[in-house]
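Engineer: If you scroll down you'll find the structure; I have some questions about it.
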Amino acid sequence: MSRHTKIFIGLISGATAGVLSNFLFPDSPIIQFFQTYITDPLGKIFLNFLIMMVIPLVFASLSLGVAQIGDLKKLGKIGFKTISYFIVVTTVAVIIGLLLVNIIRPGDYLPATTKTQLMDSFKGQATEIKQTTEKTEFGIQTLVNIIPRNPIAAVAKPNPDMLALIFFSLIVGIALTLINQEKAAPLIKILEGINDVTVVVINIAMKLAPYGVFALIFSVTSRFGFELLVALSMYVVTVILGLALHLFGTFPVLLKFLSKYNPVKFFKKIETVILTAFSTSSSSATLPTTISVSQTNLGIPSQITGFVLPLGATMNMNGTALFEGVTVLFLAQVFGVNLSLGMQIIVILMSVLTAIGSAGVPSGSIPLLVMVLAMVNIPPEGIAIILGVDRILDMCRTVLNVTGDITCAAYIAKSEGYNLSE
Ligand code: ASP
């Protein structure tokens with residue numbers, strides 16, 4: 001049985017068991033025991049196993065990718081194409097979201113009593129997020145921090161500063177191309193070694209995937225307040241419709257015209273990545289799988305995947321940006337804040353920027369989203385309204401985040417004259 005079939009079975013059985021126990025045995029101590037001592041730890045072990053390799057992998061694959069590209073002019077060209085692609089496609093995603101939210105106006109469907117109930121039930125969580133947001137720096141300091149004073153300290157914390165790691169890795173890669181090749185060779189060998197070891201570790205971790213996925217999905221679905229989906233149905237439908245349009249509309253068009261690749265074949269080849277992103281809700285945890293599937297199944301050369309995909313996992317979040325745009329406008333509608341066209345353009349800009357700055361972990365974008373709310377005069381504690389459905393939406397938007405990275409890598413490979421495997 002192929003790996004993605006096993007993961008898919010884990011996902012479906014986790015969802016079925018979770019939903020059934022949620023409806024049949026709500027508040028059962030046995031289920032709570034199962035969640036606390038079996039599925040929660042198993043899910044976390046699986047996630048940690050994957051995330052454990054992300055820092056060495058980003059460093060090794062990015063600096064190696066740059067060193068393998070070799071010529072700085074070529075690097076500049078690829079870098080420019082990659083970043084432009086990220087920004088343009090992310091902007092398209094936000095525009096799709098904003099068009100839908102203006103047409104559907106989901107905020108008008110939320111009864112005032114539900115709004116108050118939701119604000120009350122999620123008040124504690126919302127206050128915690130607000131506090132995190134107050135500590136998060138965003139602005140000119142974010143730019144300064146991209147150049148780390150101490151690269152180890154930048155990543156040696158619970159929320160590693162991935163942009164700083166990216167900068168450090170890029171500079172090391174560039175320096176490797178500038179020194180005598182004989183002197184560069186030993187370090188390049190070590191980086192290749194780190195890359196190879198990561199692949200093996202991830203392969204071991206992915207053997208756990210069917211069980212890890214079962215555990216993650218069971219933990220979410222067995223606790224999920226399904227009645228919230230009904231209360232927030234118009235909002236959820238708007239986000240999911242937007243994500244679906246981008247996933248099955250924008251990406252196939254880009255694949256067809258830029259990469260000359262059959263979109264159906266593409267989706268089939270990246271099934272494992274989609275399943276991993278959906279069940280982990282984390283672009284970072286999915287990164288090792290994203291890299292190996294892009295190389296093995298799509299034939300994208302390692303210097304392109306090594307460069308584009310680590311950048312993408314941190315900076316290119318199409319689904320997140322779309323979700324942010326929809327959520328800001330939805331909450332504006334709920335709170336009766338009128339956002340002019342000018343303000344909506346600011347929302348587009350801020351959604352793109354904060355998606356670049358969001359961490360690729362579950363709910364990584366929420367603190368920055370709260371910041372955008374405050375910026376356009378929407379009560380930031382209003383985030384409480386959507387927190388109950390965030391995990392489900394996170395699973396869906398993370399699929400777009402990683403698929404967007406692979407479409408970009410496919411485009412860059414094609415435009416650099418490489419043929420993708422059919
Ligand atoms: N979970 C998303 C990711 O890892 C980030 C977010 O939208 O919260 O890509």
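Note on naming: chains are A, B, ... as they come in the structure tokens, residues start from 1 per chain, ligands start from 1 in the order shown.
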All residues within 8 Å of ligand 1 are required, counting only C-alpha atoms and all ligand atoms; please report them as a ChimeraX atom specification.
Structural biologist: /A:277,281-285,313-314,317,319-321,323,355,358-366,394-395,397-399,401-402
Engineer: So that I can see what lies close to A:Val220, please list as a ChimeraX atom specification the residues with an atom at most 10 Å from it, counting only C-alpha atoms and leaving out residues fewer than 4 positions away in the same chain.
Structural biologist: /A:14-15,18-19,35,39-40,215-216,224-225,279,391-392
Engineer: Name the residues in contact with A:Leu62 at a cut-off of 10 Å, using only C-alpha atoms, excluding same-chain residues fewer than 2 positions from it; report them as a ChimeraX atom specification.
Structural biologist: /A:56-60,64-68,165-173,191,303-311
Engineer: Might you pull out every residue within 10 Å of A:Ile386, with only C-alpha atoms counted and same-chain residues fewer than 6 positions away left off, and present them as a list in words?
Structural biologist: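 Those residues are Lys115, Leu118, Met119, Phe122, Ala126, Leu228, Leu229, Leu232, Tyr235, Val236, Thr327, Phe330, Leu331 and Leu393 of chain A.
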Engineer: Select, from A:Leu42, A:Met343, A:Met315, A:Val334, the residue with the minimum atom-to-atom distance to A:Thr82, counting only C-alpha atoms.
Structural biologist: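 Comparing A:Leu42, A:Met343, A:Met315, A:Val334 against A:Thr82, the winner is A:Met315.
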Engineer: Calculated over only C-alpha atoms, which of the candidates A:Gly249, A:Ala154, A:Leu72, A:Pro210 has the smallest distance to A:Met1?
Structural biologist: A:Pro210
Engineer: Measuring between only C-alpha atoms, which one of A:Ile96, A:Val88, A:Ile30, A:Leu275 shows the shortest distance to A:His246?
Structural biologist: A:Ile96
Engineer: Excluding A:Lys123 and residues on its chain fewer than 6 positions from it, collect all residues at most 12 Å away from it, counting only C-alpha atoms, and give them as a list in words.
Structural biologist: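 Everything that qualifies: Lys115, Thr116, Gln117, Ile129, Lys130, Pro380, Glu381, Gly382, Ile383, Ala384, Ile385, Ile386, Leu387 and Gly388 of chain A.
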Engineer: With a distance cut-off of 9 Å and only C-alpha atoms, select the neighbouring residues of A:Leu98, excluding the residue or stretch itself and same-chain residues fewer than 3 positions from it, and output the selection as a list of chain:residue names.
Structural biologist: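 Answer for this query is A:Ala93, A:Val94, A:Ile95, A:Val101, A:Asn102, A:Ile103, A:Gly242, A:Leu322, A:Gly325, A:Val326, A:Leu329, A:Gln344, A:Ile348.
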Engineer: Taking only C-alpha atoms into account, which of A:Gly43, A:Pro151, A:Gly417, A:Gly299 comes nearest A:Lys269?
Structural biologist: A:Gly299
Engineer: Give the helix (DSSP H, G or I) residues of stretch 16-166 of chain A, as DSSP finds them on the backbone, and put them as a PyMOL selection string.
Structural biologist: chain A and resi 16-24+29-51+54-69+72-104+106-109+112-121+123-135+140-145+151-155+162-166
Engineer: Could you jot down the atom CA of A:Ile412 to atom CA of A:Gln181 separation for me, Å, one decimal place?
Structural biologist: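 It comes out at 26.0 Å.
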